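Peer 1: Please find one structure pasted underneath; my questions will follow.
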Amino acid sequence: QVQLAESGGGLVQAGGSLRLSCVASGRTFSYYAMGWFRQAPGKEREFVAAISKSNSRTNYADSVKGRFTISRDNLKITLYLQMNTLKPDDTAVYYCAAKSTASMYTYYATADSYDYWGQGTQVTVSS
């Protein structure tokens, strides 16, 4: 089992940047493919970005492609989401998630695929 803790959220003006972090504890971080999801008030949780165990393959939602970058540091047992050119529509609670997998190169873009979730961090983008 792995525990996940997000940080780095906050209030930012449109066009600004934030970097979210997700620190893992428990089982070895490198066992897991990782992802970021978000949920805005009154909306369903949606996929943002995903990364394989090997750190070599990534995938993004169309709405964030070119603005957000997912990365991981297996030595620091931390997942990151660099968010640039933020828009008011990016306002949501952001969650990191972990998927236990044997594959080094697979990423997962559906919430149902993931085994473990953090508590979330609020990102608010003002216009």
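Simple scheme: letters A, B, ... for chains in structure tokens order, numbers from 1 for residues in each chain, numbers from 1 for ligands in the order shown.
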Within 7 Å of Tyr32 in chain A, counting only C-alpha atoms, which residues qualify if same-chain residues fewer than 4 places away don't, as a CSV table (one decimal) with N, CA, C and O atoms, in the first residue's frame?
Peer 2:
```csv
chain,number,residue,atom,x,y,z
A,53,LYS,N,5.7,4.1,-15.1
A,53,LYS,CA,6.7,3.8,-14.0
A,53,LYS,C,8.1,4.2,-14.4
A,53,LYS,O,8.9,4.7,-13.6
A,98,ALA,N,-2.1,6.6,-7.8
A,98,ALA,CA,-1.1,5.6,-8.1
A,98,ALA,C,-1.7,4.3,-8.5
A,98,ALA,O,-2.7,3.8,-8.0
A,99,LYS,N,-1.1,3.7,-9.5
A,99,LYS,CA,-1.6,2.4,-10.1
A,99,LYS,C,-0.5,1.4,-10.0
A,99,LYS,O,0.6,1.6,-10.6
A,100,SER,N,-0.7,0.3,-9.3
A,100,SER,CA,0.3,-0.8,-9.2
A,100,SER,C,0.3,-1.5,-10.5
A,100,SER,O,-0.8,-2.0,-11.0
A,101,THR,N,1.4,-1.7,-11.2
A,101,THR,CA,1.5,-2.3,-12.5
A,101,THR,C,2.9,-2.9,-12.7
A,101,THR,O,3.9,-2.4,-12.2
```
Peer 1: What's the 12 Å shell around Asp62 in chain A, counting only C-alpha atoms, without same-chain residues fewer than 4 positions away, as an mmCIF file with N, CA and C atoms, in the first residue's frame?
Peer 2:
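For reference, out10.cif as written:
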```cif
data_model
loop_
_atom_site.group_PDB
_atom_site.id
_atom_site.type_symbol
_atom_site.label_atom_id
_atom_site.label_comp_id
_atom_site.auth_asym_id
_atom_site.auth_seq_id
_atom_site.Cartn_x
_atom_site.Cartn_y
_atom_site.Cartn_z
ATOM 1 N N GLU A 46 -11.936 14.434 -13.539
ATOM 2 C CA GLU A 46 -11.448 14.267 -14.901
ATOM 3 C C GLU A 46 -9.937 14.071 -14.925
ATOM 4 N N PHE A 47 -9.509 13.375 -15.944
ATOM 5 C CA PHE A 47 -8.100 13.100 -16.157
ATOM 6 C C PHE A 47 -7.354 14.365 -16.541
ATOM 7 N N VAL A 48 -6.139 14.519 -16.007
ATOM 8 C CA VAL A 48 -5.280 15.645 -16.360
ATOM 9 C C VAL A 48 -4.014 15.151 -17.064
ATOM 10 N N ALA A 49 -3.278 14.251 -16.399
ATOM 11 C CA ALA A 49 -2.012 13.784 -16.959
ATOM 12 C C ALA A 49 -1.628 12.470 -16.308
ATOM 13 N N GLY A 66 0.394 21.094 -23.684
ATOM 14 C CA GLY A 66 1.186 22.266 -24.017
ATOM 15 C C GLY A 66 1.315 23.265 -22.887
ATOM 16 N N ARG A 67 0.504 23.109 -21.846
ATOM 17 C CA ARG A 67 0.565 24.026 -20.696
ATOM 18 C C ARG A 67 1.044 23.321 -19.425
ATOM 19 N N PHE A 68 0.691 22.057 -19.269
ATOM 20 C CA PHE A 68 1.044 21.292 -18.067
ATOM 21 C C PHE A 68 2.098 20.259 -18.405
ATOM 22 N N ALA A 109 -5.212 6.549 -18.115
ATOM 23 C CA ALA A 109 -5.936 7.807 -18.227
ATOM 24 C C ALA A 109 -7.345 7.766 -17.650
#
```
Peer 1: What's around range 104-107 of chain A at 12 Å? Count only C-alpha atoms, leave out sequence neighbours fewer than 5 positions away in its own chain, and write the answer as a PyMOL selection string.
Peer 2: chain A and resi 30-36+47+49-60+70+97-99+113-114
Peer 1: Write the residues of the selection above to a file with N, CA and C atoms, as a PDB file, in the first residue's frame.
Peer 2:
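Output contents, as saved in result-v4.pdb:
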```pdb
ATOM      1  N   SER A  30       8.515   3.496  -7.150  1.00  0.00           N
ATOM      2  CA  SER A  30       8.782   3.089  -8.535  1.00  0.00           C
ATOM      3  C   SER A  30       7.950   1.901  -8.980  1.00  0.00           C
ATOM      4  N   TYR A  31       7.178   1.289  -8.074  1.00  0.00           N
ATOM      5  CA  TYR A  31       6.282   0.193  -8.451  1.00  0.00           C
ATOM      6  C   TYR A  31       5.046   0.707  -9.188  1.00  0.00           C
ATOM      7  N   TYR A  32       4.809   2.039  -9.145  1.00  0.00           N
ATOM      8  CA  TYR A  32       3.518   2.570  -9.544  1.00  0.00           C
ATOM      9  C   TYR A  32       3.601   3.479 -10.761  1.00  0.00           C
ATOM     10  N   ALA A  33       2.665   3.299 -11.678  1.00  0.00           N
ATOM     11  CA  ALA A  33       2.364   4.350 -12.636  1.00  0.00           C
ATOM     12  C   ALA A  33       1.536   5.401 -11.894  1.00  0.00           C
ATOM     13  N   MET A  34       1.687   6.657 -12.312  1.00  0.00           N
ATOM     14  CA  MET A  34       1.069   7.751 -11.562  1.00  0.00           C
ATOM     15  C   MET A  34       0.223   8.637 -12.467  1.00  0.00           C
ATOM     16  N   GLY A  35      -0.712   9.326 -11.837  1.00  0.00           N
ATOM     17  CA  GLY A  35      -1.547  10.243 -12.610  1.00  0.00           C
ATOM     18  C   GLY A  35      -2.021  11.410 -11.775  1.00  0.00           C
ATOM     19  N   TRP A  36      -2.443  12.456 -12.478  1.00  0.00           N
ATOM     20  CA  TRP A  36      -3.112  13.606 -11.868  1.00  0.00           C
ATOM     21  C   TRP A  36      -4.527  13.696 -12.428  1.00  0.00           C
ATOM     22  N   PHE A  47      -9.509  13.375 -15.944  1.00  0.00           N
ATOM     23  CA  PHE A  47      -8.100  13.100 -16.157  1.00  0.00           C
ATOM     24  C   PHE A  47      -7.354  14.365 -16.541  1.00  0.00           C
ATOM     25  N   ALA A  49      -3.278  14.251 -16.399  1.00  0.00           N
ATOM     26  CA  ALA A  49      -2.012  13.784 -16.959  1.00  0.00           C
ATOM     27  C   ALA A  49      -1.628  12.470 -16.308  1.00  0.00           C
ATOM     28  N   ALA A  50      -0.814  11.693 -17.012  1.00  0.00           N
ATOM     29  CA  ALA A  50      -0.359  10.413 -16.487  1.00  0.00           C
ATOM     30  C   ALA A  50       1.079  10.161 -16.920  1.00  0.00           C
ATOM     31  N   ILE A  51       1.766   9.327 -16.152  1.00  0.00           N
ATOM     32  CA  ILE A  51       3.161   9.014 -16.430  1.00  0.00           C
ATOM     33  C   ILE A  51       3.421   7.557 -16.085  1.00  0.00           C
ATOM     34  N   SER A  52       4.241   6.906 -16.888  1.00  0.00           N
ATOM     35  CA  SER A  52       4.557   5.504 -16.661  1.00  0.00           C
ATOM     36  C   SER A  52       5.554   5.349 -15.518  1.00  0.00           C
ATOM     37  N   LYS A  53       5.734   4.092 -15.085  1.00  0.00           N
ATOM     38  CA  LYS A  53       6.710   3.795 -14.034  1.00  0.00           C
ATOM     39  C   LYS A  53       8.109   4.245 -14.408  1.00  0.00           C
ATOM     40  N   SER A  54       8.442   4.064 -15.672  1.00  0.00           N
ATOM     41  CA  SER A  54       9.799   4.320 -16.137  1.00  0.00           C
ATOM     42  C   SER A  54      10.108   5.790 -16.338  1.00  0.00           C
ATOM     43  N   ASN A  55       9.087   6.649 -16.190  1.00  0.00           N
ATOM     44  CA  ASN A  55       9.272   8.092 -16.416  1.00  0.00           C
ATOM     45  C   ASN A  55       9.481   8.424 -17.877  1.00  0.00           C
ATOM     46  N   SER A  56       9.253   7.447 -18.752  1.00  0.00           N
ATOM     47  CA  SER A  56       9.550   7.691 -20.156  1.00  0.00           C
ATOM     48  C   SER A  56       8.331   7.996 -21.012  1.00  0.00           C
ATOM     49  N   ARG A  57       7.143   7.689 -20.505  1.00  0.00           N
ATOM     50  CA  ARG A  57       5.945   7.904 -21.316  1.00  0.00           C
ATOM     51  C   ARG A  57       4.946   8.738 -20.521  1.00  0.00           C
ATOM     52  N   THR A  58       4.371   9.729 -21.184  1.00  0.00           N
ATOM     53  CA  THR A  58       3.391  10.597 -20.558  1.00  0.00           C
ATOM     54  C   THR A  58       2.184  10.781 -21.459  1.00  0.00           C
ATOM     55  N   ASN A  59       1.092  11.215 -20.870  1.00  0.00           N
ATOM     56  CA  ASN A  59      -0.144  11.457 -21.603  1.00  0.00           C
ATOM     57  C   ASN A  59      -0.877  12.609 -20.933  1.00  0.00           C
ATOM     58  N   TYR A  60      -1.550  13.432 -21.748  1.00  0.00           N
ATOM     59  CA  TYR A  60      -2.220  14.616 -21.228  1.00  0.00           C
ATOM     60  C   TYR A  60      -3.629  14.729 -21.783  1.00  0.00           C
ATOM     61  N   ILE A  70       3.844  16.758 -16.562  1.00  0.00           N
ATOM     62  CA  ILE A  70       3.936  15.787 -15.476  1.00  0.00           C
ATOM     63  C   ILE A  70       5.332  15.199 -15.462  1.00  0.00           C
ATOM     64  N   ALA A  97      -2.729  10.089  -8.056  1.00  0.00           N
ATOM     65  CA  ALA A  97      -3.186   8.715  -7.934  1.00  0.00           C
ATOM     66  C   ALA A  97      -2.074   7.771  -8.358  1.00  0.00           C
ATOM     67  N   ALA A  98      -2.100   6.562  -7.785  1.00  0.00           N
ATOM     68  CA  ALA A  98      -1.070   5.554  -8.051  1.00  0.00           C
ATOM     69  C   ALA A  98      -1.720   4.266  -8.524  1.00  0.00           C
ATOM     70  N   LYS A  99      -1.085   3.672  -9.524  1.00  0.00           N
ATOM     71  CA  LYS A  99      -1.568   2.414 -10.095  1.00  0.00           C
ATOM     72  C   LYS A  99      -0.455   1.386 -10.021  1.00  0.00           C
ATOM     73  N   SER A 113      -8.785   3.023 -13.122  1.00  0.00           N
ATOM     74  CA  SER A 113      -7.561   2.219 -13.220  1.00  0.00           C
ATOM     75  C   SER A 113      -6.708   2.306 -11.963  1.00  0.00           C
ATOM     76  N   TYR A 114      -6.874   3.360 -11.181  1.00  0.00           N
ATOM     77  CA  TYR A 114      -5.962   3.653 -10.087  1.00  0.00           C
ATOM     78  C   TYR A 114      -6.376   3.005  -8.775  1.00  0.00           C
TER      79      TYR A 114
END
```
Peer 1: Compile a residue-level contact table for range 34-82 of chain A against range 7-13 of chain A at a cut-off of 12 Å, reporting for every qualifying residue the shortest atom pair and its distance in Å to one decimal, with only C-alpha atoms counted, rows ordered by chain and ascending number, as a Markdown table.
Peer 2:
```
| residue | atom | partner | partner_atom | distance |
| --- | --- | --- | --- | --- |
| A:Arg38 | CA | A:Gly9 | CA | 11.9 |
| A:Thr78 | CA | A:Ser7 | CA | 10.8 |
| A:Leu79 | CA | A:Ser7 | CA | 10.5 |
| A:Tyr80 | CA | A:Gly8 | CA | 9.6 |
| A:Leu81 | CA | A:Gly8 | CA | 9.4 |
| A:Gln82 | CA | A:Gly8 | CA | 10.0 |
```
Peer 1: For Gln39 in chain A, find every residue with an atom within 10 Å (counting only C-alpha atoms), except residues of its own chain fewer than 5 positions away, and show them as a PyMOL selection string.
Peer 2: chain A and resi 44-48+90-95+120+122
Peer 1: Using CA of Ile77 in chain A and CA of Phe29 in chain A as the two end points, give the distance in Å to one decimal.
Peer 2: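 Here the two named atoms are 5.6 Å from each other.
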Peer 1: Could you find all residues in range 67-122 of chain A that DSSP calls helix (DSSP H, G or I) from the backbone, and write them as number ranges by chain?
Peer 2: A: 88-90, 111-113
Peer 1: Between A:Thr121, A:Asn74, A:Ala14, A:Ala24, single out the one closest to Asp89 in chain A, counting only C-alpha atoms.
Peer 2: A:Ala14
Peer 1: Check the DSSP output for the backbone and give back, as JSON, numbers by chain, the residues of chain A in strand (DSSP E).
Peer 2: {"A": [2, 3, 4, 5, 6, 7, 10, 11, 12, 13, 18, 19, 20, 21, 22, 23, 24, 25, 26, 32, 33, 34, 35, 36, 37, 38, 39, 46, 47, 48, 49, 50, 51, 58, 59, 60, 68, 69, 70, 71, 72, 73, 78, 79, 80, 81, 82, 83, 92, 93, 94, 95, 96, 97, 98, 99, 100, 116, 117, 121, 122, 123, 124, 125, 126]}
Peer 1: Given only C-alpha atoms as the basis, pick out the residue of A:Lys87, A:Thr110, A:Lys76, A:Ser127 nearest to Val64 in chain A.
Peer 2: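 Among the listed residues, A:Lys87 lies closest to Val64 in chain A.
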Peer 1: Show which residues sit within 7 Å of Gly16 in chain A, as a list in words. Count only C-alpha atoms, and ignore same-chain residues fewer than 5 positions away.
Peer 2: Asn84, Thr85 and Leu86 of chain A
Peer 1: Enter the distance from CA of Asp73 in chain A to CA of Ala61 in chain A, in Å, rounded to one decimal.
Peer 2: 21.6 Å
